[in-house]
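my_file35.cif, holding mmCIF, C-alpha atoms:
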data_entry
loop_
_atom_site.label_atom_id
_atom_site.label_comp_id
_atom_site.auth_asym_id
_atom_site.auth_seq_id
_atom_site.Cartn_x
_atom_site.Cartn_y
_atom_site.Cartn_z
CA MET A 1 23.18 -8.72 -9.09
CA TYR A 2 19.95 -6.89 -9.94
CA SER A 3 17.19 -6.53 -7.36
CA PHE A 4 13.51 -7.24 -7.91
CA MET A 5 13.10 -7.71 -4.16
CA ASN A 6 10.94 -4.64 -3.49
CA ASP A 7 9.94 -1.15 -4.66
CA TYR A 8 11.88 0.85 -2.08
CA SER A 9 15.50 -0.16 -2.78
CA GLU A 10 16.42 3.19 -4.32
CA GLY A 11 16.41 6.69 -2.84
CA ALA A 12 14.00 9.19 -4.37
CA HIS A 13 12.94 10.42 -7.79
CA PRO A 14 15.19 13.25 -9.09
CA ARG A 15 12.30 15.76 -9.15
CA ILE A 16 11.77 15.18 -5.43
CA LEU A 17 15.47 15.60 -4.73
CA GLU A 18 15.49 18.76 -6.85
CA LEU A 19 12.74 20.36 -4.77
CA LEU A 20 14.41 19.22 -1.54
CA MET A 21 17.67 20.85 -2.66
CA LYS A 22 15.91 24.00 -3.84
CA SER A 23 14.28 24.45 -0.44
CA ASN A 24 17.14 23.07 1.64
CA LEU A 25 18.20 26.33 3.28
CA GLU A 26 14.69 27.61 3.91
CA GLN A 27 13.64 28.04 7.52
CA ASN A 28 10.38 26.11 7.83
CA THR A 29 7.83 25.78 10.59
CA GLY A 30 8.07 22.37 12.23
CA TYR A 31 5.72 19.46 12.82
CA GLY A 32 3.95 19.57 9.45
CA GLN A 33 2.69 23.14 9.82
CA ASP A 34 4.95 24.48 7.05
CA LEU A 35 3.93 25.97 3.71
CA HIS A 36 5.17 22.95 1.72
CA SER A 37 2.98 20.55 3.69
CA LYS A 38 0.01 22.89 3.31
CA LYS A 39 0.59 23.11 -0.44
CA ALA A 40 0.87 19.31 -0.74
CA LYS A 41 -2.40 18.93 1.16
CA GLU A 42 -4.09 21.40 -1.18
CA TYR A 43 -2.96 19.38 -4.20
CA ILE A 44 -4.26 16.13 -2.69
CA LYS A 45 -7.60 17.66 -1.67
CA LYS A 46 -8.11 18.96 -5.20
CA LEU A 47 -7.31 15.53 -6.63
CA ILE A 48 -9.69 13.63 -4.33
CA LYS A 49 -12.35 16.35 -4.77
CA LYS A 50 -12.81 16.73 -1.03
CA GLU A 51 -11.98 19.73 1.12
CA ASN A 52 -13.39 18.43 4.40
CA VAL A 53 -10.68 15.83 5.05
CA ASP A 54 -7.74 15.83 7.44
CA ILE A 55 -4.35 14.91 5.96
CA HIS A 56 -1.35 13.86 8.03
CA PHE A 57 2.10 12.90 6.80
CA ILE A 58 3.40 9.82 8.64
CA PRO A 59 6.96 8.39 8.25
CA GLY A 60 6.02 4.82 7.22
CA GLY A 61 3.26 2.37 6.39
CA THR A 62 3.35 0.18 9.49
CA GLN A 63 3.32 3.29 11.69
CA THR A 64 0.37 4.67 9.71
CA ASN A 65 -1.59 1.43 10.13
CA LEU A 66 -0.74 1.21 13.83
CA LEU A 67 -1.74 4.84 14.42
CA SER A 68 -4.98 4.62 12.49
CA ILE A 69 -6.22 1.30 13.85
CA SER A 70 -5.27 1.95 17.48
CA SER A 71 -6.74 5.47 17.35
CA PHE A 72 -10.01 4.62 15.65
CA LEU A 73 -10.89 1.59 17.81
CA ARG A 74 -12.00 1.35 21.43
CA PRO A 75 -10.07 -1.07 23.68
CA HIS A 76 -12.42 -4.05 23.18
CA GLN A 77 -12.62 -3.73 19.40
CA ALA A 78 -10.84 -5.59 16.60
CA VAL A 79 -9.99 -5.15 12.94
CA ILE A 80 -10.97 -7.60 10.20
CA SER A 81 -8.30 -8.42 7.62
CA VAL A 82 -7.71 -10.96 4.91
CA ASP A 83 -5.23 -13.58 6.14
CA THR A 84 -2.52 -12.26 3.80
CA GLY A 85 -3.08 -8.66 4.92
CA HIS A 86 -0.03 -6.61 5.81
CA VAL A 87 -1.29 -5.94 9.36
CA ASN A 88 -1.45 -9.69 9.88
CA THR A 89 1.72 -10.89 8.20
CA HIS A 90 4.39 -8.19 8.03
CA GLU A 91 4.05 -5.85 10.99
CA THR A 92 5.51 -7.91 13.86
CA GLY A 93 2.26 -7.91 15.78
CA ALA A 94 2.17 -4.09 15.82
CA ILE A 95 -1.61 -3.95 15.95
CA GLU A 96 -1.90 -6.61 18.64
CA ALA A 97 0.76 -4.78 20.64
CA THR A 98 -1.65 -1.84 20.90
CA GLY A 99 -4.25 -4.16 22.44
CA HIS A 100 -6.35 -4.76 19.33
CA LYS A 101 -6.84 -8.19 17.81
CA VAL A 102 -6.53 -8.74 14.06
CA VAL A 103 -9.32 -11.14 13.08
CA THR A 104 -8.45 -12.81 9.79
CA ALA A 105 -10.49 -14.32 6.98
CA PRO A 106 -9.16 -16.64 4.27
CA CYS A 107 -9.93 -15.00 0.95
CA LYS A 108 -9.17 -15.56 -2.71
CA ASP A 109 -6.43 -13.54 -4.42
CA GLY A 110 -5.67 -11.48 -1.32
CA LYS A 111 -8.99 -9.63 -1.45
CA LEU A 112 -11.55 -9.38 1.31
CA THR A 113 -15.19 -10.03 0.40
CA PRO A 114 -18.52 -9.12 2.02
CA ASP A 115 -19.23 -12.82 2.66
CA ALA A 116 -15.95 -13.22 4.51
CA ILE A 117 -16.68 -10.12 6.59
CA GLN A 118 -20.16 -11.40 7.43
CA LYS A 119 -18.78 -14.74 8.62
CA VAL A 120 -16.49 -12.92 11.04
CA LEU A 121 -19.38 -10.82 12.31
CA ASP A 122 -21.60 -13.88 12.73
CA TYR A 123 -18.96 -15.72 14.72
CA HIS A 124 -18.21 -12.81 17.06
CA SER A 125 -21.67 -12.70 18.51
CA ASP A 126 -21.39 -11.39 22.07
CA GLU A 127 -19.31 -9.65 24.71
CA HIS A 128 -17.23 -12.75 25.44
CA MET A 129 -15.29 -12.10 22.23
CA VAL A 130 -13.66 -9.05 20.72
CA GLN A 131 -16.03 -6.81 18.78
CA PRO A 132 -15.11 -6.44 15.09
CA LYS A 133 -15.35 -2.72 14.35
CA MET A 134 -13.02 -2.02 11.45
CA VAL A 135 -12.40 -3.56 8.04
CA TYR A 136 -8.83 -3.32 6.75
CA ILE A 137 -8.09 -3.73 3.05
CA SER A 138 -5.14 -2.79 0.87
CA ASN A 139 -5.06 -1.69 -2.76
CA SER A 140 -3.09 -3.15 -4.35
CA THR A 141 -3.13 -6.22 -2.11
CA GLU A 142 -0.18 -8.18 -0.80
CA LEU A 143 -0.67 -10.49 -3.79
CA GLY A 144 -0.65 -7.70 -6.34
CA THR A 145 -4.39 -7.80 -7.04
CA ILE A 146 -6.71 -4.80 -7.07
CA TYR A 147 -10.27 -4.03 -6.05
CA SER A 148 -12.83 -2.98 -8.64
CA LYS A 149 -15.25 -0.15 -7.93
CA ALA A 150 -18.07 -2.68 -7.58
CA GLU A 151 -16.06 -4.75 -5.07
CA LEU A 152 -15.18 -1.69 -3.01
CA LYS A 153 -18.80 -0.50 -3.03
CA ALA A 154 -19.96 -3.94 -1.85
CA ILE A 155 -17.51 -3.80 1.07
CA ARG A 156 -18.63 -0.26 1.81
CA ASP A 157 -22.26 -1.39 1.91
CA ILE A 158 -21.65 -4.15 4.46
CA CYS A 159 -19.62 -1.71 6.55
CA LEU A 160 -22.47 0.81 6.54
CA THR A 161 -25.01 -1.88 7.41
CA ASN A 162 -22.96 -3.05 10.38
CA ASP A 163 -21.49 0.28 11.48
CA LEU A 164 -17.93 -0.75 10.64
CA ILE A 165 -15.04 1.60 9.88
CA LEU A 166 -13.55 1.00 6.43
CA TYR A 167 -9.81 1.66 6.24
CA LEU A 168 -7.66 1.25 3.13
CA ASP A 169 -3.89 0.71 3.14
CA GLY A 170 -2.56 2.52 0.07
CA ALA A 171 1.12 1.67 0.27
CA ARG A 172 0.95 0.70 -3.42
CA ILE A 173 -2.09 2.72 -4.42
CA ALA A 174 -0.16 4.32 -7.30
CA SER A 175 0.32 0.93 -8.92
CA ALA A 176 -3.31 -0.02 -8.29
CA LEU A 177 -4.76 3.17 -9.79
CA THR A 178 -2.58 3.03 -12.89
CA SER A 179 -3.25 -0.65 -13.57
CA LYS A 180 -4.86 -1.37 -16.94
CA ASP A 181 -7.52 -3.35 -15.05
CA ASN A 182 -8.42 -0.50 -12.70
CA ASP A 183 -11.75 1.36 -12.74
CA LEU A 184 -11.31 3.33 -9.50
CA SER A 185 -10.11 6.91 -9.11
CA LEU A 186 -8.55 8.48 -6.05
CA SER A 187 -11.74 10.49 -5.58
CA ASP A 188 -13.81 7.28 -5.70
CA ILE A 189 -11.73 5.86 -2.88
CA ALA A 190 -12.07 9.04 -0.83
CA GLU A 191 -15.83 8.79 -1.27
CA LEU A 192 -16.12 5.10 -0.36
CA VAL A 193 -13.78 4.67 2.63
CA ASP A 194 -13.54 6.31 6.05
CA ALA A 195 -9.77 6.67 6.00
CA PHE A 196 -6.92 5.66 3.71
CA TYR A 197 -3.34 6.53 2.96
CA ILE A 198 -1.41 7.41 -0.16
CA GLY A 199 1.93 5.63 -0.13
CA GLY A 200 5.07 7.60 -0.89
CA THR A 201 7.75 5.21 0.35
CA LYS A 202 7.02 2.65 -2.39
CA ASN A 203 6.45 5.19 -5.14
CA GLY A 204 9.41 7.49 -5.46
CA ALA A 205 9.68 9.27 -2.10
CA LEU A 206 12.54 8.93 0.34
CA LEU A 207 9.94 8.10 2.97
CA GLY A 208 6.45 9.02 4.03
CA GLU A 209 2.75 8.29 3.63
CA ALA A 210 -0.18 10.69 3.43
CA LEU A 211 -2.98 9.58 5.76
CA ILE A 212 -6.37 10.96 4.74
CA ILE A 213 -9.18 10.88 7.29
CA CYS A 214 -12.56 11.32 5.62
CA LYS A 215 -15.00 10.47 8.41
CA GLU A 216 -15.57 13.39 10.76
CA SER A 217 -15.78 11.37 13.98
CA LEU A 218 -12.29 9.90 13.41
CA LYS A 219 -10.50 13.24 13.16
CA GLU A 220 -10.61 14.45 16.76
CA ASP A 221 -7.24 14.91 18.52
CA PHE A 222 -5.38 12.91 15.88
CA ARG A 223 -2.28 15.13 16.04
CA TYR A 224 -2.09 14.36 19.78
CA LEU A 225 -2.13 10.66 18.95
CA ILE A 226 0.53 11.06 16.25
CA LYS A 227 2.78 12.81 18.75
CA GLN A 228 2.14 10.22 21.46
CA ARG A 229 3.17 7.43 19.07
CA GLY A 230 6.38 9.21 18.10
CA ALA A 231 5.35 9.91 14.51
CA LEU A 232 5.02 13.71 14.57
CA MET A 233 8.25 14.68 12.83
CA ALA A 234 9.94 17.92 13.88
CA LYS A 235 11.13 18.28 10.29
CA GLY A 236 7.68 17.46 8.93
CA PHE A 237 8.40 19.72 5.98
CA ILE A 238 10.66 16.99 4.58
CA ALA A 239 7.58 14.86 3.93
CA GLY A 240 5.57 17.87 2.82
CA ILE A 241 8.14 18.81 0.19
CA GLN A 242 8.14 15.27 -1.19
CA PHE A 243 4.36 15.09 -1.53
CA GLU A 244 4.36 18.58 -3.02
CA ALA A 245 6.72 17.30 -5.72
CA LEU A 246 4.66 14.15 -6.25
CA PHE A 247 1.31 15.91 -6.60
CA GLN A 248 2.00 19.33 -8.08
CA ASP A 249 1.64 17.57 -11.44
CA ASP A 250 1.12 13.95 -12.53
CA LEU A 251 4.46 12.62 -11.24
CA TYR A 252 2.88 10.30 -8.67
CA PHE A 253 0.84 8.50 -11.29
CA GLU A 254 3.63 8.55 -13.88
CA LEU A 255 5.83 6.61 -11.46
CA GLY A 256 3.12 4.05 -10.73
CA GLU A 257 2.45 3.60 -14.43
CA TYR A 258 6.14 3.13 -15.18
CA ALA A 259 6.47 0.42 -12.51
CA ASN A 260 3.44 -1.37 -13.98
CA GLU A 261 4.86 -1.18 -17.50
CA LYS A 262 8.09 -2.84 -16.39
CA ALA A 263 6.12 -5.53 -14.54
CA GLU A 264 4.04 -6.16 -17.66
CA GLN A 265 7.22 -6.60 -19.70
CA ILE A 266 8.52 -9.16 -17.21
CA ALA A 267 5.16 -10.96 -17.17
CA ASP A 268 5.31 -11.21 -20.98
CA ILE A 269 8.81 -12.68 -20.77
CA LEU A 270 7.63 -15.37 -18.35
CA LYS A 271 4.46 -16.13 -20.30
CA LYS A 272 6.47 -16.68 -23.47
CA GLN A 273 8.51 -19.27 -21.59
CA GLY A 274 5.30 -21.06 -20.59
CA TYR A 275 5.24 -20.10 -16.93
CA SER A 276 1.98 -19.46 -15.07
CA PHE A 277 1.21 -17.12 -12.17
CA TYR A 278 -0.18 -17.58 -8.68
CA THR A 279 -2.33 -14.45 -9.16
CA GLN A 280 -3.17 -12.68 -12.40
CA PRO A 281 -0.52 -10.00 -13.08
CA CYS A 282 -1.97 -6.49 -13.08
CA THR A 283 0.31 -4.32 -10.91
CA ASN A 284 3.99 -4.04 -10.03
CA GLN A 285 4.05 -7.26 -7.99
CA LEU A 286 4.38 -10.50 -9.94
CA PHE A 287 4.02 -14.01 -8.52
CA PRO A 288 5.26 -16.50 -11.11
CA ILE A 289 5.34 -20.22 -10.39
CA LEU A 290 8.84 -21.43 -11.22
CA PRO A 291 10.63 -24.78 -11.05
CA ASN A 292 12.82 -25.11 -7.98
CA SER A 293 15.58 -26.40 -10.24
CA ILE A 294 16.36 -22.92 -11.59
CA LEU A 295 15.99 -20.89 -8.39
CA ASP A 296 19.59 -21.32 -7.24
CA LYS A 297 20.84 -20.10 -10.59
CA LEU A 298 18.31 -17.26 -10.58
CA SER A 299 19.63 -16.24 -7.16
CA GLU A 300 23.11 -15.82 -8.58
CA GLU A 301 21.97 -12.94 -10.78
CA PHE A 302 18.85 -11.49 -9.13
CA LEU A 303 17.39 -10.65 -5.76
CA TYR A 304 13.77 -11.72 -5.26
CA SER A 305 11.64 -13.29 -2.55
CA ILE A 306 10.01 -16.70 -2.27
CA GLU A 307 6.30 -16.40 -1.51
CA LYS A 308 5.47 -20.05 -0.89
CA LYS A 309 6.44 -23.57 -1.85
CA VAL A 310 3.91 -25.23 -4.15
CA ASP A 311 5.37 -28.74 -3.96
CA ASP A 312 8.75 -30.46 -4.25
CA GLU A 313 9.19 -29.20 -7.79
CA TYR A 314 7.71 -25.69 -7.88
CA SER A 315 7.65 -22.49 -5.84
CA VAL A 316 5.84 -19.17 -6.08
CA ILE A 317 8.33 -16.32 -6.11
CA ARG A 318 7.79 -12.56 -6.09
CA PHE A 319 9.27 -10.02 -8.48
CA VAL A 320 8.60 -6.34 -7.70
CA THR A 321 9.25 -3.46 -10.07
CA SER A 322 9.45 0.23 -9.19
CA TRP A 323 9.73 3.75 -10.57
CA ALA A 324 13.48 3.09 -10.78
CA THR A 325 13.50 -0.34 -12.47
CA THR A 326 15.89 -0.11 -15.40
CA VAL A 327 15.53 -1.28 -18.97
CA GLU A 328 18.83 -3.11 -18.47
CA GLY A 329 17.44 -4.98 -15.45
CA VAL A 330 14.45 -6.21 -17.44
CA ASP A 331 16.69 -7.14 -20.39
CA LYS A 332 18.96 -9.10 -18.06
CA LEU A 333 15.93 -11.04 -16.78
CA ARG A 334 14.82 -11.70 -20.37
CA GLU A 335 18.25 -13.07 -21.21
CA PHE A 336 18.21 -15.33 -18.17
CA PHE A 337 14.86 -16.92 -18.96
CA THR A 338 15.68 -17.24 -22.64
CA HIS A 339 18.70 -19.39 -21.80
CA ASN A 340 17.32 -21.29 -18.80
#
Do you think you could lay out the structure here as structure tokens?
Amino acid sequence: MYSFMNDYSEGAHPRILELLMKSNLEQNTGYGQDLHSKKAKEYIKKLIKKENVDIHFIPGGTQTNLLSISSFLRPHQAVISVDTGHVNTHETGAIEATGHKVVTAPCKDGKLTPDAIQKVLDYHSDEHMVQPKMVYISNSTELGTIYSKAELKAIRDICLTNDLILYLDGARIASALTSKDNDLSLSDIAELVDAFYIGGTKNGALLGEALIICKESLKEDFRYLIKQRGALMAKGFIAGIQFEALFQDDLYFELGEYANEKAEQIADILKKQGYSFYTQPCTNQLFPILPNSILDKLSEEFLYSIEKKVDDEYSVIRFVTSWATTVEGVDKLREFFTHN
């Protein structure tokens, strides 16, 4: 049975494992103060064309979101998210557990818009309600869509006008930036948002995300807050080594591009069979609309997830490709849809 369930089913890319093995018996300084972490940060700063940022390596995405949102907001403040946002749907109430409400807006294709943000601001008009203070977006989104530069600038403008913090979840930023439809660079994102993270877990690393804090006022005492939340790893060099391997050359983007190529091949297979998609395919997450009559048979050969039921006859399912998706896995899927 081949898995298209997610993009973190496998371990790590061989070049990451090679560097981990090469440095395995080194004695490194702990808690992210090692030379490997410093080198990885230098690579990232050069890529985003910003020296005056703080970079922290955090074990996972949910922990990064929880840390950032709870640290950046005051007790009475809330974060605005699209209704399908990860902080709203897949983090077990982690943000609310810190005392901060997630205020959601229904939006098309998983993307937040300035109009939707304004409606939230208009509704929360006084001190009897939580005060929206942060805007949370992800790129790519939970529905596999991406923000254009113009869309991100428009969100940035409304945030500046209303003194809102703009935070971007980059769990799948590699796939977003290597999409054929993308017109954003990593340096554009660093210029337009107040904080964001570069996802490693879903793009070839064993684990880890690189949180980048761009806005000066958000940087203070952040290592204290990481430690308090249990995310300051004693062996922080393990994450540093991985991001060093990912960013010392173009490996990070090569892996994202490969995942997108495999997704594009699968999308072509489905299009040739006449199937449509819930959202336009452009990254490594695909949401085809398939007849319920073939799902049981599909489940015998592949792992995937069901996104939503359309009606009694059709469902939206999710296929996810990764840096490790095999040619054989795609060929097996082609064979299935050719004969079903």
Would you translate the PyMOL selection byres ((chain A and resi 14-25) around 7) into the concrete set of residues it matches in this file, as a PDB file with C-alpha atoms, in the coordinates of the input?
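Listing of expr_34.pdb after writing:
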ATOM      1  CA  ALA A  12      14.000   9.190  -4.370  1.00  0.00           C
ATOM      2  CA  HIS A  13      12.940  10.420  -7.790  1.00  0.00           C
ATOM      3  CA  GLU A  26      14.690  27.610   3.910  1.00  0.00           C
ATOM      4  CA  GLN A  27      13.640  28.040   7.520  1.00  0.00           C
ATOM      5  CA  ILE A 241       8.140  18.810   0.190  1.00  0.00           C
ATOM      6  CA  GLN A 242       8.140  15.270  -1.190  1.00  0.00           C
ATOM      7  CA  ALA A 245       6.720  17.300  -5.720  1.00  0.00           C
TER       8      ALA A 245
END
> Rounded to one decimal in Å, what is the spacing between atom CA of A:Tyr167 and atom CA of A:Gly110?
Replying inline: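 Computed distance, atom CA of A:Tyr167 to atom CA of A:Gly110, equals 15.7 Å.
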Do you know which residues the PyMOL selection byres ((chain A and resi 243) around 8) returns on this file, as a compact mmCIF listing (two decimals) with C-alpha atoms, keeping the file's coordinate frame?
# COMPACT_ATOMS: atom_id res chain seq x y z
CA SER A 37 2.98 20.55 3.69
CA ALA A 40 0.87 19.31 -0.74
CA GLY A 200 5.07 7.60 -0.89
CA ALA A 205 9.68 9.27 -2.10
CA ALA A 239 7.58 14.86 3.93
CA GLY A 240 5.57 17.87 2.82
CA ILE A 241 8.14 18.81 0.19
CA GLN A 242 8.14 15.27 -1.19
CA GLU A 244 4.36 18.58 -3.02
CA ALA A 245 6.72 17.30 -5.72
CA LEU A 246 4.66 14.15 -6.25
CA PHE A 247 1.31 15.91 -6.60
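Between atom CA of A:His36 and atom CA of A:His56 lies a distance of 12.8 Å.
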>> Please list as a PyMOL selection string every residue within 8 Å of A:Gly208, counting all atoms listed in the file and excluding residues in the same chain fewer than 3 positions away.
In response: chain A and resi 57-61+199-201+205+239
>> With distances taken over all atoms listed in the file, which residue among A:Asn292, A:Ala105, A:Asp54, A:Glu264 lies nearest A:Glu42?
In response: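 Looking only at the distances to A:Glu42, the closest residue turns out to be A:Asp54.
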> Quick one: which residues end up in the PyMOL selection byres ((chain A and resi 303-309) around 10) for this structure, as a ChimeraX atom specification?
Replying inline: /A:1-6,143,278,287-290,292,295,298-302,310-320
>> Report, in Å with one decimal, the straight-line distance from atom CA of A:Lys227 to atom CA of A:Tyr197.
In response: 18.1 Å
Dump as a Markdown table the rows for residues of stretch 17-91 of chain A within 10 Å of stretch 183-190 of chain A: closest atom pair and distance in Å with one decimal, all atoms listed in the file counted, ordered by chain and rising residue number.
| residue | atom | partner | partner_atom | distance |
| --- | --- | --- | --- | --- |
| A:Ile44 | CA | A:Leu186 | CA | 9.4 |
| A:Lys45 | CA | A:Ser187 | CA | 9.2 |
| A:Lys46 | CA | A:Ser187 | CA | 9.2 |
| A:Leu47 | CA | A:Ser187 | CA | 6.8 |
| A:Ile48 | CA | A:Ser187 | CA | 4.0 |
| A:Lys49 | CA | A:Ser187 | CA | 5.9 |
| A:Lys50 | CA | A:Ala190 | CA | 7.7 |
| A:Val53 | CA | A:Ala190 | CA | 9.1 |
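Between A:Val120 and the residues A:Ile294, A:Ala78, A:Leu66, A:Ala150, the shortest atom-to-atom distance, using all atoms listed in the file, involves A:Ala78.
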> A:Trp323: which residues within 10 Å, counting all atoms listed in the file, same-chain residues fewer than 6 positions away excluded, as a VMD selection string?
Replying inline: chain A and resid 7 to 8 10 12 to 13 175 202 to 204 252 254 to 262 284
Fewer than 5 positions away in the same chain doesn't count, so skip those; otherwise give me all residues within 8 Å of A:Gly236, counting all atoms listed in the file, as a CSV table (one decimal) with C-alpha atoms, in the frame of the given file.
chain,number,residue,atom,x,y,z
A,30,GLY,CA,8.1,22.4,12.2
A,31,TYR,CA,5.7,19.5,12.8
A,32,GLY,CA,4.0,19.6,9.4
A,33,GLN,CA,2.7,23.1,9.8
A,34,ASP,CA,5.0,24.5,7.0
A,37,SER,CA,3.0,20.6,3.7
A,57,PHE,CA,2.1,12.9,6.8
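Nearest residue to A:Val87 among A:Phe237, A:Tyr136, A:Tyr147, A:Phe277 is A:Tyr136, counting only C-alpha atoms.
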Could you give me the centre and size, in Å to one decimal, of an axis-aligned box around all listed atoms of stretch 116-119 of chain A with 8 Å added on every side, as AutoDock Vina command-line options?
--center_x -18.1 --center_y -12.4 --center_z 6.6 --size_x 20.2 --size_y 20.6 --size_z 20.1
> Between A:Ser68, A:Ser148, A:Gln285, A:Thr279, which is the closest to A:Lys108 once you count only C-alpha atoms?
Replying inline: A:Thr279
>> Set the distance at 7 Å and use only C-alpha atoms: which residues neighbour A:Ile198 once local chain neighbours fewer than 3 positions away are removed? I'd like the list as a count of residues only.
In response: 6
Mind filling out stretch 22-44 of chain A with N, CA and C atoms and sending it as a PDB file, in the frame of the given file?
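Output contents, as saved in part-v1.pdb:
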ATOM      1  N   LYS A  22      16.316  22.615  -3.611  1.00  0.00           N
ATOM      2  CA  LYS A  22      15.910  24.000  -3.840  1.00  0.00           C
ATOM      3  C   LYS A  22      15.450  24.670  -2.545  1.00  0.00           C
ATOM      4  N   SER A  23      14.817  23.900  -1.688  1.00  0.00           N
ATOM      5  CA  SER A  23      14.280  24.450  -0.440  1.00  0.00           C
ATOM      6  C   SER A  23      15.142  24.126   0.776  1.00  0.00           C
ATOM      7  N   ASN A  24      16.318  23.611   0.549  1.00  0.00           N
ATOM      8  CA  ASN A  24      17.140  23.070   1.640  1.00  0.00           C
ATOM      9  C   ASN A  24      17.498  24.091   2.709  1.00  0.00           C
ATOM     10  N   LEU A  25      17.771  25.324   2.310  1.00  0.00           N
ATOM     11  CA  LEU A  25      18.200  26.330   3.280  1.00  0.00           C
ATOM     12  C   LEU A  25      17.067  27.231   3.750  1.00  0.00           C
ATOM     13  N   GLU A  26      15.841  26.887   3.378  1.00  0.00           N
ATOM     14  CA  GLU A  26      14.690  27.610   3.910  1.00  0.00           C
ATOM     15  C   GLU A  26      14.545  27.331   5.405  1.00  0.00           C
ATOM     16  N   GLN A  27      13.974  28.263   6.114  1.00  0.00           N
ATOM     17  CA  GLN A  27      13.640  28.040   7.520  1.00  0.00           C
ATOM     18  C   GLN A  27      12.131  27.783   7.586  1.00  0.00           C
ATOM     19  N   ASN A  28      11.786  26.533   7.848  1.00  0.00           N
ATOM     20  CA  ASN A  28      10.380  26.110   7.830  1.00  0.00           C
ATOM     21  C   ASN A  28       9.830  25.904   9.221  1.00  0.00           C
ATOM     22  N   THR A  29       8.542  26.135   9.357  1.00  0.00           N
ATOM     23  CA  THR A  29       7.830  25.780  10.590  1.00  0.00           C
ATOM     24  C   THR A  29       7.862  24.270  10.757  1.00  0.00           C
ATOM     25  N   GLY A  30       7.946  23.804  11.985  1.00  0.00           N
ATOM     26  CA  GLY A  30       8.070  22.370  12.230  1.00  0.00           C
ATOM     27  C   GLY A  30       6.738  21.637  12.355  1.00  0.00           C
ATOM     28  N   TYR A  31       6.841  20.337  12.501  1.00  0.00           N
ATOM     29  CA  TYR A  31       5.720  19.460  12.820  1.00  0.00           C
ATOM     30  C   TYR A  31       4.577  19.501  11.796  1.00  0.00           C
ATOM     31  N   GLY A  32       4.946  19.641  10.515  1.00  0.00           N
ATOM     32  CA  GLY A  32       3.950  19.570   9.450  1.00  0.00           C
ATOM     33  C   GLY A  32       3.091  20.790   9.286  1.00  0.00           C
ATOM     34  N   GLN A  33       3.467  21.905   9.921  1.00  0.00           N
ATOM     35  CA  GLN A  33       2.690  23.140   9.820  1.00  0.00           C
ATOM     36  C   GLN A  33       3.301  24.117   8.813  1.00  0.00           C
ATOM     37  N   ASP A  34       4.216  23.652   8.012  1.00  0.00           N
ATOM     38  CA  ASP A  34       4.950  24.480   7.050  1.00  0.00           C
ATOM     39  C   ASP A  34       4.145  24.700   5.775  1.00  0.00           C
ATOM     40  N   LEU A  35       4.617  25.622   4.960  1.00  0.00           N
ATOM     41  CA  LEU A  35       3.930  25.970   3.710  1.00  0.00           C
ATOM     42  C   LEU A  35       3.983  24.840   2.685  1.00  0.00           C
ATOM     43  N   HIS A  36       5.068  24.064   2.671  1.00  0.00           N
ATOM     44  CA  HIS A  36       5.170  22.950   1.720  1.00  0.00           C
ATOM     45  C   HIS A  36       4.133  21.871   2.030  1.00  0.00           C
ATOM     46  N   SER A  37       3.981  21.552   3.300  1.00  0.00           N
ATOM     47  CA  SER A  37       2.980  20.550   3.690  1.00  0.00           C
ATOM     48  C   SER A  37       1.577  21.047   3.363  1.00  0.00           C
ATOM     49  N   LYS A  38       1.327  22.318   3.615  1.00  0.00           N
ATOM     50  CA  LYS A  38       0.010  22.890   3.310  1.00  0.00           C
ATOM     51  C   LYS A  38      -0.263  22.841   1.808  1.00  0.00           C
ATOM     52  N   LYS A  39       0.757  23.139   1.014  1.00  0.00           N
ATOM     53  CA  LYS A  39       0.590  23.110  -0.440  1.00  0.00           C
ATOM     54  C   LYS A  39       0.329  21.686  -0.918  1.00  0.00           C
ATOM     55  N   ALA A  40       1.072  20.715  -0.368  1.00  0.00           N
ATOM     56  CA  ALA A  40       0.870  19.310  -0.740  1.00  0.00           C
ATOM     57  C   ALA A  40      -0.546  18.866  -0.403  1.00  0.00           C
ATOM     58  N   LYS A  41      -1.034  19.284   0.746  1.00  0.00           N
ATOM     59  CA  LYS A  41      -2.400  18.930   1.160  1.00  0.00           C
ATOM     60  C   LYS A  41      -3.430  19.540   0.212  1.00  0.00           C
ATOM     61  N   GLU A  42      -3.180  20.748  -0.232  1.00  0.00           N
ATOM     62  CA  GLU A  42      -4.090  21.400  -1.180  1.00  0.00           C
ATOM     63  C   GLU A  42      -4.152  20.616  -2.493  1.00  0.00           C
ATOM     64  N   TYR A  43      -2.999  20.161  -2.967  1.00  0.00           N
ATOM     65  CA  TYR A  43      -2.960  19.380  -4.200  1.00  0.00           C
ATOM     66  C   TYR A  43      -3.758  18.081  -4.050  1.00  0.00           C
ATOM     67  N   ILE A  44      -3.577  17.412  -2.919  1.00  0.00           N
ATOM     68  CA  ILE A  44      -4.260  16.130  -2.690  1.00  0.00           C
ATOM     69  C   ILE A  44      -5.768  16.350  -2.556  1.00  0.00           C
TER      70      ILE A  44
END
